[in-house]
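Colleague: Okay, so here is my_file-v1.cif, and as you'll see once you scroll down, it has mmCIF, C-alpha atoms and all ligand atoms.
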data_data
loop_
_atom_site.label_atom_id
_atom_site.label_comp_id
_atom_site.auth_asym_id
_atom_site.auth_seq_id
_atom_site.Cartn_x
_atom_site.Cartn_y
_atom_site.Cartn_z
CA MET A 1104 75.61 111.00 96.76
CA ASP A 1105 75.22 111.89 93.08
CA ARG A 1106 78.29 111.76 90.91
CA ASP A 1107 79.03 113.86 87.94
CA ASP A 1108 82.47 113.47 86.43
CA HIS A 1109 84.39 116.71 86.16
CA ALA A 1110 81.51 118.30 88.08
CA ARG A 1111 81.79 121.81 89.37
CA SER A 1112 79.55 123.08 92.08
CA PRO A 1113 77.91 126.43 91.29
CA GLY A 1114 80.09 128.04 93.94
CA ASP A 1115 83.41 126.86 92.55
CA PRO A 1116 85.28 129.79 91.03
CA VAL A 1117 87.60 127.64 88.91
CA GLY A 1118 87.41 124.71 86.51
CA TRP A 1119 89.18 121.46 87.31
CA PRO A 1120 92.11 120.27 85.20
CA GLY A 1121 91.47 117.33 82.88
CA GLY A 1122 92.18 113.74 83.83
CA TRP A 1123 90.58 113.95 87.26
CA ASN A 1124 87.00 112.99 88.18
CA VAL A 1125 86.16 115.67 90.69
CA GLU A 1126 83.06 115.63 92.83
CA HIS A 1127 82.22 118.36 95.30
CA VAL A 1128 79.88 117.88 98.28
CA ALA A 1129 78.79 120.38 100.91
CA GLU A 1130 79.14 117.99 103.82
CA THR A 1131 80.14 114.44 104.59
CA GLY A 1132 81.64 112.43 107.44
CA SER A 1133 85.09 111.90 105.95
CA THR A 1134 86.10 112.18 102.28
CA ASN A 1135 88.63 109.38 102.86
CA ALA A 1136 85.95 107.08 104.26
CA ASP A 1137 83.63 107.85 101.33
CA LEU A 1138 86.22 107.01 98.68
CA LEU A 1139 87.33 103.87 100.52
CA ALA A 1140 83.71 102.68 100.63
CA ALA A 1141 83.26 103.33 96.91
CA ALA A 1142 86.77 102.30 95.80
CA ASP A 1143 85.54 99.38 93.69
CA ARG A 1144 83.05 101.33 91.61
CA LEU A 1145 84.69 104.73 91.12
CA PRO A 1146 87.29 105.31 88.39
CA ASP A 1147 90.99 105.83 89.00
CA ARG A 1148 91.81 109.43 90.01
CA SER A 1149 88.39 110.12 91.50
CA VAL A 1150 88.58 113.22 93.67
CA LEU A 1151 86.12 114.04 96.44
CA VAL A 1152 86.21 117.52 97.95
CA ALA A 1153 83.97 118.60 100.82
CA ASP A 1154 83.22 121.97 102.35
CA HIS A 1155 82.79 120.30 105.71
CA GLN A 1156 83.58 117.00 107.39
CA THR A 1157 81.71 115.87 110.48
CA ALA A 1158 84.17 113.05 111.21
CA GLY A 1159 87.45 114.20 109.60
CA ARG A 1160 90.23 111.76 110.36
CA GLY A 1161 93.92 112.11 111.05
CA ARG A 1162 96.35 109.24 111.34
CA LEU A 1163 96.14 106.75 114.21
CA ASP A 1164 92.46 107.57 114.80
CA ARG A 1165 93.18 111.21 115.52
CA THR A 1166 90.68 113.81 114.31
CA TRP A 1167 91.06 116.50 111.67
CA GLU A 1168 89.31 119.76 112.42
CA ALA A 1169 88.04 122.48 110.11
CA PRO A 1170 85.01 124.78 110.29
CA PRO A 1171 82.55 124.56 107.34
CA GLY A 1172 83.80 126.14 104.13
CA ALA A 1173 87.11 127.41 105.48
CA ASN A 1174 89.69 124.86 104.37
CA LEU A 1175 90.57 122.37 101.65
CA LEU A 1176 89.32 118.88 102.56
CA VAL A 1177 89.96 116.48 99.71
CA SER A 1178 90.66 112.83 98.97
CA ILE A 1179 91.92 111.16 95.82
CA LEU A 1180 91.33 107.54 94.86
CA PHE A 1181 94.18 105.83 93.04
CA ARG A 1182 93.27 102.46 91.57
CA ASP A 1183 96.43 102.38 89.53
CA VAL A 1184 98.90 101.91 92.40
CA PRO A 1185 102.69 101.93 91.89
CA ALA A 1186 104.93 99.20 93.37
CA ASP A 1187 105.69 101.58 96.23
CA PRO A 1188 102.26 102.96 97.26
CA GLY A 1189 103.96 105.56 99.48
CA GLU A 1190 104.96 107.33 96.27
CA LEU A 1191 101.34 108.49 95.89
CA THR A 1192 101.45 110.19 99.28
CA ARG A 1193 104.76 111.86 98.52
CA ARG A 1194 103.41 113.07 95.19
CA VAL A 1195 100.30 114.58 96.79
CA GLY A 1196 102.49 116.32 99.37
CA LEU A 1197 104.77 117.75 96.69
CA ALA A 1198 101.79 118.86 94.62
CA ALA A 1199 100.30 120.59 97.69
CA VAL A 1200 103.54 122.51 98.28
CA ASP A 1201 103.65 123.55 94.61
CA ALA A 1202 99.98 124.64 94.75
CA VAL A 1203 100.57 126.78 97.84
CA GLY A 1204 103.47 128.49 96.08
CA ARG A 1205 101.50 129.13 92.90
CA THR A 1206 98.35 130.44 94.60
CA THR A 1207 99.90 132.48 97.41
CA GLY A 1208 103.60 132.94 96.58
CA ARG A 1209 104.47 131.37 99.92
CA GLY A 1210 107.13 128.70 100.35
CA ALA A 1211 105.73 125.69 102.15
CA GLY A 1212 107.67 122.49 102.87
CA LEU A 1213 107.05 118.92 103.94
CA LYS A 1214 107.69 117.38 107.33
CA TRP A 1215 108.30 113.64 107.37
CA PRO A 1216 106.26 111.68 106.69
CA ASN A 1217 103.24 113.61 105.50
CA ASP A 1218 102.72 117.08 106.96
CA VAL A 1219 102.71 120.31 105.00
CA LEU A 1220 104.51 123.03 106.94
CA LEU A 1221 104.50 126.79 106.61
CA ASP A 1222 106.99 128.79 108.68
CA GLY A 1223 107.60 125.71 110.82
CA ARG A 1224 103.92 125.21 111.66
CA LYS A 1225 101.47 122.62 110.39
CA LEU A 1226 99.54 123.90 107.39
CA GLY A 1227 98.19 120.54 106.28
CA GLY A 1228 98.18 116.82 106.87
CA ILE A 1229 97.90 113.78 104.64
CA LEU A 1230 96.22 110.48 105.46
CA ALA A 1231 96.77 107.55 103.07
CA GLN A 1232 94.61 104.47 103.44
CA ARG A 1233 94.43 101.23 101.50
CA ALA A 1234 91.15 99.65 100.37
CA ALA A 1235 90.68 95.87 100.49
CA SER A 1236 91.01 95.81 96.69
CA GLY A 1237 94.49 97.35 96.90
CA ALA A 1238 93.36 100.80 95.75
CA VAL A 1239 94.83 103.70 97.73
CA VAL A 1240 93.00 106.79 99.00
CA VAL A 1241 95.16 109.82 99.77
CA GLY A 1242 93.38 112.53 101.77
CA LEU A 1243 94.67 116.03 102.35
CA GLY A 1244 93.46 118.65 104.79
CA LEU A 1245 95.00 122.06 104.11
CA ASN A 1246 94.32 125.10 106.26
CA VAL A 1247 93.28 127.78 103.81
CA GLY A 1248 91.18 130.15 105.91
CA TRP A 1249 91.37 128.69 109.42
CA ALA A 1250 93.88 126.88 111.62
CA PRO A 1251 93.75 125.60 115.17
CA GLN A 1252 95.98 127.19 117.80
CA GLY A 1253 99.64 126.74 116.92
CA ALA A 1254 99.02 125.68 113.31
CA ALA A 1255 99.37 127.71 110.10
CA ALA A 1256 96.79 128.85 107.52
CA LEU A 1257 96.97 130.65 104.19
CA ASP A 1258 94.68 133.30 105.66
CA GLY A 1259 92.43 133.71 102.68
CA ALA A 1260 95.22 134.33 100.14
CA ALA A 1261 93.45 131.76 97.90
CA SER A 1262 90.21 129.77 98.02
CA PRO A 1263 90.17 126.02 98.73
CA ALA A 1264 88.97 125.37 95.15
CA GLU A 1265 91.81 127.43 93.65
CA VAL A 1266 94.37 125.54 95.71
CA LEU A 1267 92.84 122.20 94.67
CA ALA A 1268 92.85 123.10 90.97
CA GLU A 1269 96.54 124.03 91.21
CA LEU A 1270 97.29 120.88 93.18
CA LEU A 1271 95.76 118.60 90.55
CA SER A 1272 97.70 120.36 87.77
CA ALA A 1273 100.89 120.27 89.83
CA TYR A 1274 100.50 116.53 90.42
CA ASP A 1275 100.64 115.85 86.71
CA ARG A 1276 103.74 117.99 86.26
CA LEU A 1277 105.76 116.03 88.83
CA PRO A 1278 108.76 114.13 87.49
CA ASP A 1279 109.28 110.38 87.93
CA GLY A 1280 111.96 108.15 89.39
CA ALA A 1281 115.20 109.69 90.65
CA GLU A 1282 114.05 113.21 89.80
CA LEU A 1283 110.90 112.78 91.91
CA HIS A 1284 113.01 111.52 94.81
CA GLU A 1285 115.32 114.52 94.50
CA ARG A 1286 112.34 116.88 94.58
CA TYR A 1287 111.02 115.13 97.68
CA ARG A 1288 114.42 115.34 99.42
CA ARG A 1289 114.69 119.05 98.63
CA THR A 1290 111.17 119.74 99.91
CA LEU A 1291 111.50 117.71 103.11
CA VAL A 1292 112.45 120.26 105.74
CA THR A 1293 113.00 117.42 108.25
CA ILE A 1294 116.38 116.57 106.67
CA GLY A 1295 119.22 118.04 108.70
CA GLN A 1296 117.03 118.73 111.74
CA ARG A 1297 117.33 117.39 115.27
CA VAL A 1298 114.32 115.16 115.70
CA ARG A 1299 112.49 112.97 118.14
CA VAL A 1300 110.79 110.11 116.33
CA GLU A 1301 107.90 108.53 118.18
CA LEU A 1302 107.71 104.92 117.12
CA PRO A 1303 105.00 102.36 117.81
CA GLY A 1304 107.27 100.82 120.49
CA GLY A 1305 109.49 103.66 121.76
CA GLU A 1306 111.38 106.65 120.42
CA VAL A 1307 114.61 107.64 118.70
CA ARG A 1308 116.35 110.99 119.13
CA GLY A 1309 118.97 112.20 116.75
CA THR A 1310 119.56 114.00 113.49
CA ALA A 1311 117.50 113.26 110.39
CA LEU A 1312 120.18 112.48 107.83
CA ASP A 1313 118.26 111.67 104.70
CA VAL A 1314 115.23 109.98 103.22
CA ALA A 1315 115.54 106.71 101.30
CA PRO A 1316 113.97 106.31 97.83
CA ASP A 1317 111.15 104.27 99.44
CA GLY A 1318 110.38 107.11 101.85
CA ALA A 1319 112.07 105.73 104.99
CA LEU A 1320 113.68 108.37 107.21
CA MET A 1321 117.32 107.79 108.17
CA VAL A 1322 118.10 109.07 111.66
CA LEU A 1323 121.55 109.17 113.28
CA ASP A 1324 121.14 108.83 117.04
CA GLU A 1325 123.37 110.18 119.81
CA CYS A 1326 125.35 106.91 119.91
CA ALA A 1327 126.19 107.25 116.20
CA VAL A 1328 123.79 104.45 115.24
CA THR A 1329 121.74 105.01 112.09
CA HIS A 1330 118.07 104.04 112.31
CA ARG A 1331 115.78 103.44 109.36
CA VAL A 1332 112.27 104.61 110.25
CA ASP A 1333 109.35 103.43 108.13
CA VAL A 1334 106.47 104.52 110.35
CA GLY A 1335 106.36 107.08 113.11
CA ASP A 1336 105.64 110.63 114.19
CA VAL A 1337 108.43 113.18 114.05
CA VAL A 1338 108.90 116.16 116.32
CA HIS A 1339 111.39 118.74 115.08
CA LEU A 1340 113.49 119.67 118.11
CA ARG A 1341 114.77 123.15 118.55
CA THR A 1342 118.55 123.41 118.42
CA LEU A 1343 119.82 125.50 121.32
C1 LIG B 1 97.06 114.20 109.60
O1 LIG B 1 96.97 113.35 110.66
O2 LIG B 1 97.73 115.20 109.57
C2 LIG B 1 96.21 113.76 108.40
C3 LIG B 1 95.03 114.65 108.22
C4 LIG B 1 94.24 114.27 106.99
C5 LIG B 1 92.96 115.05 106.89
C6 LIG B 1 92.27 114.83 105.56
S1 LIG B 1 90.95 115.94 105.31
C7 LIG B 1 90.40 115.05 103.93
C8 LIG B 1 90.58 113.58 104.28
N1 LIG B 1 89.43 113.05 104.94
C9 LIG B 1 89.69 112.69 106.22
O3 LIG B 1 88.86 112.21 107.02
N2 LIG B 1 90.99 112.94 106.48
C10 LIG B 1 91.69 113.45 105.33
P1 LIG B 1 97.89 113.46 111.93
O4 LIG B 1 99.33 113.56 111.53
O5 LIG B 1 97.46 112.33 112.78
O6 LIG B 1 97.49 114.81 112.61
C11 LIG B 1 96.28 114.95 113.32
C12 LIG B 1 96.52 115.94 114.45
O7 LIG B 1 96.71 117.24 113.88
C13 LIG B 1 95.34 116.07 115.39
O8 LIG B 1 95.45 115.16 116.46
C14 LIG B 1 95.45 117.51 115.88
O9 LIG B 1 96.40 117.60 116.93
C15 LIG B 1 96.06 118.22 114.69
N3 LIG B 1 95.06 118.89 113.85
C16 LIG B 1 93.72 118.65 113.72
N4 LIG B 1 93.17 119.47 112.82
C17 LIG B 1 94.18 120.26 112.37
C18 LIG B 1 94.26 121.33 111.43
N5 LIG B 1 93.21 121.76 110.74
N6 LIG B 1 95.48 121.92 111.25
C19 LIG B 1 96.57 121.52 111.92
N7 LIG B 1 96.57 120.52 112.81
C20 LIG B 1 95.39 119.90 113.04
#
Starting from the file, lay out its structure as structure tokens.

Modeller:
Amino acid sequence: MDRDDHARSPGDPVGWPGGWNVEHVAETGSTNADLLAAADRLPDRSVLVADHQTAGRGRLDRTWEAPPGANLLVSILFRDVPADPGELTRRVGLAAVDAVGRTTGRGAGLKWPNDVLLDGRKLGGILAQRAASGAVVVGLGLNVGWAPQGAAALDGAASPAEVLAELLSAYDRLPDGAELHERYRRTLVTIGQRVRVELPGGEVRGTALDVAPDGALMVLDECAVTHRVDVGDVVHLRTL
């Protein structure tokens, strides 16, 4: 794979914002896997975007689907990792929501921990992985032109490259500290919802009360016990 910092493929309709080392490839297995494999030699804020993935990954070994050229498939390598690495994932999610708003005028939100939602359906997913060196790769799949049954897409309102350019700019406009946390809380549509949280060893049902500054979800169960959830899958339950 050839690298060319700040490269643009001939087909890209937009330039990339400064401060990011963007590489575009037509096809690869998984952009996350590529950046993890090269984490020690690529600079901080390397971005790999692919038109197609033949082995796109979700969390927990699930797969991520997208037909060639239809959607945004991108990973970002962070070598400069904050004390709470989850902050990088939350930032990418917030930047994705901002980018959707700026390119399409549509109001997306986040579902805990890492999904991008549009009208209650999954528009995108984020997979964060840690390299042996401690670097973190955050990958985002966002349905721009295609979505599987039951999921949402932007339906061609913007191109994947336009959304990515906005996302990278949006990332650098995000606030820090308490203000960042407030933005995340406001964008997290899970808060206030009835949820079922699928945990590695069971499940919790209740109401999502809040999210802690470190990203943990606070859930009040039916016995009035508050649970702190660090890892899990959330299903938003319909209130009758
Ligand atoms: C995620 O996993 O949502 C994280 C997806 C991350 C994908 C990006 S693409 C660029 C980078 N390179 C990679 O190899 N991965 C990252 P999870 O929460 O586990 O959701 C996966 C589940 O979502 C699957 O089991 C399907 O049910 C569903 N799914 C698959 N493709 C989808 C799509 N395009 N839109 C909505 N849902 C999808």

Colleague: Please compute the CA of Thr1329 (chain A)-CA of Lys1214 (chain A) distance, one decimal, in Å.

Modeller: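 Rounded to one decimal, the two atoms are 19.3 Å apart.
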
Colleague: What is the distance, in Å and to one decimal place, between CA of Val1239 (chain A) and CA of Phe1181 (chain A)?

Modeller: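 Rounded to one decimal, the two atoms are 5.2 Å apart.
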
Colleague: Using all atoms listed in the file, which residue out of A:Leu1271, A:Leu1283, A:Val1337, A:Ala1255 lies closest to Leu1302 (chain A)?

Modeller: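 The closest residue to Leu1302 (chain A) is A:Val1337.
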
Colleague: Identify, counting only C-alpha atoms and all ligand atoms, the protein, DNA and RNA residues located within 7 Å of ligand LIG 1 (chain B), and give them as a PyMOL selection string.

Modeller: chain A and resi 1133-1136+1158-1163+1165-1169+1176-1178+1218+1225-1230+1242-1246+1250-1251+1254

Colleague: Find the residues near Val1300 (chain A): any atom within 7 Å, counting all atoms listed in the file, skip ones fewer than 6 places away on the same chain, and give them as a ChimeraX atom specification.

Modeller: /A:1306-1308,1335-1338

Colleague: Please determine, counting all atoms listed in the file, which residue among A:Asn1217, A:Thr1207, A:Ser1272, A:Thr1293 has the shortest atom-to-atom distance to Leu1257 (chain A).

Modeller: A:Thr1207

Colleague: Looking at A:Arg1341, A:Arg1182, A:His1284, A:Arg1289, which one is nearest to Leu1139 (chain A), with distances taken over only C-alpha atoms?

Modeller: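 Looking at the shortest contact to Leu1139 (chain A), the residue is A:Arg1182.
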
Colleague: For CA of Thr1131 (chain A) and CA of Leu1175 (chain A), quote the distance in Å rounded to one decimal.

Modeller: 13.4 Å

Colleague: Rank A:Val1128, A:Val1150, A:Val1334, A:Thr1206 by their smallest atom-to-atom distance to Gly1304 (chain A), using only C-alpha atoms, and report the top residue only.

Modeller: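 Counting only C-alpha atoms, the residue closest to Gly1304 (chain A) is A:Val1334.
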
Colleague: From the set A:Leu1291, A:Val1298, A:Ile1179, A:Ala1198, which residue has the shortest atom-to-atom contact distance to Ala1141 (chain A), counting all atoms listed in the file?

Modeller: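 Smallest distance to Ala1141 (chain A) is found for A:Ile1179.
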
Colleague: For Leu1145 (chain A), list every protein, DNA or RNA residue within 12 Å, evaluated using only C-alpha atoms, and leave out those in the same chain fewer than 5 positions away; present the list as a PDB file with C-alpha atoms, keeping the file's coordinate frame.

Modeller:
ATOM      1  CA  ARG A1106      78.290 111.760  90.910  1.00  0.00           C
ATOM      2  CA  ASP A1107      79.030 113.860  87.940  1.00  0.00           C
ATOM      3  CA  ASP A1108      82.470 113.470  86.430  1.00  0.00           C
ATOM      4  CA  TRP A1123      90.580 113.950  87.260  1.00  0.00           C
ATOM      5  CA  ASN A1124      87.000 112.990  88.180  1.00  0.00           C
ATOM      6  CA  VAL A1125      86.160 115.670  90.690  1.00  0.00           C
ATOM      7  CA  GLU A1126      83.060 115.630  92.830  1.00  0.00           C
ATOM      8  CA  ASP A1137      83.630 107.850 101.330  1.00  0.00           C
ATOM      9  CA  LEU A1138      86.220 107.010  98.680  1.00  0.00           C
ATOM     10  CA  LEU A1139      87.330 103.870 100.520  1.00  0.00           C
ATOM     11  CA  ALA A1140      83.710 102.680 100.630  1.00  0.00           C
ATOM     12  CA  VAL A1150      88.580 113.220  93.670  1.00  0.00           C
ATOM     13  CA  LEU A1151      86.120 114.040  96.440  1.00  0.00           C
ATOM     14  CA  ILE A1179      91.920 111.160  95.820  1.00  0.00           C
ATOM     15  CA  LEU A1180      91.330 107.540  94.860  1.00  0.00           C
ATOM     16  CA  PHE A1181      94.180 105.830  93.040  1.00  0.00           C
ATOM     17  CA  ARG A1182      93.270 102.460  91.570  1.00  0.00           C
ATOM     18  CA  ALA A1238      93.360 100.800  95.750  1.00  0.00           C
ATOM     19  CA  VAL A1240      93.000 106.790  99.000  1.00  0.00           C
TER      20      VAL A1240
END

Colleague: With all atoms listed in the file as the basis for distance, which of A:Gly1259, A:Gly1118, A:Pro1316, A:Gly1204 is at the shortest distance from Glu1285 (chain A)?

Modeller: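 So, comparing all the options, the nearest one is A:Pro1316.
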
Colleague: For region 1316-1326 of chain A, take all atoms listed in the file, fit an axis-aligned box around them, add 3 Å to each of the six sides, then output centre and edge lengths in Å rounded to one decimal, as JSON.

Modeller:
{"center_x": 117.9, "center_y": 107.2, "center_z": 108.9, "size_x": 21.0, "size_y": 11.9, "size_z": 28.1}
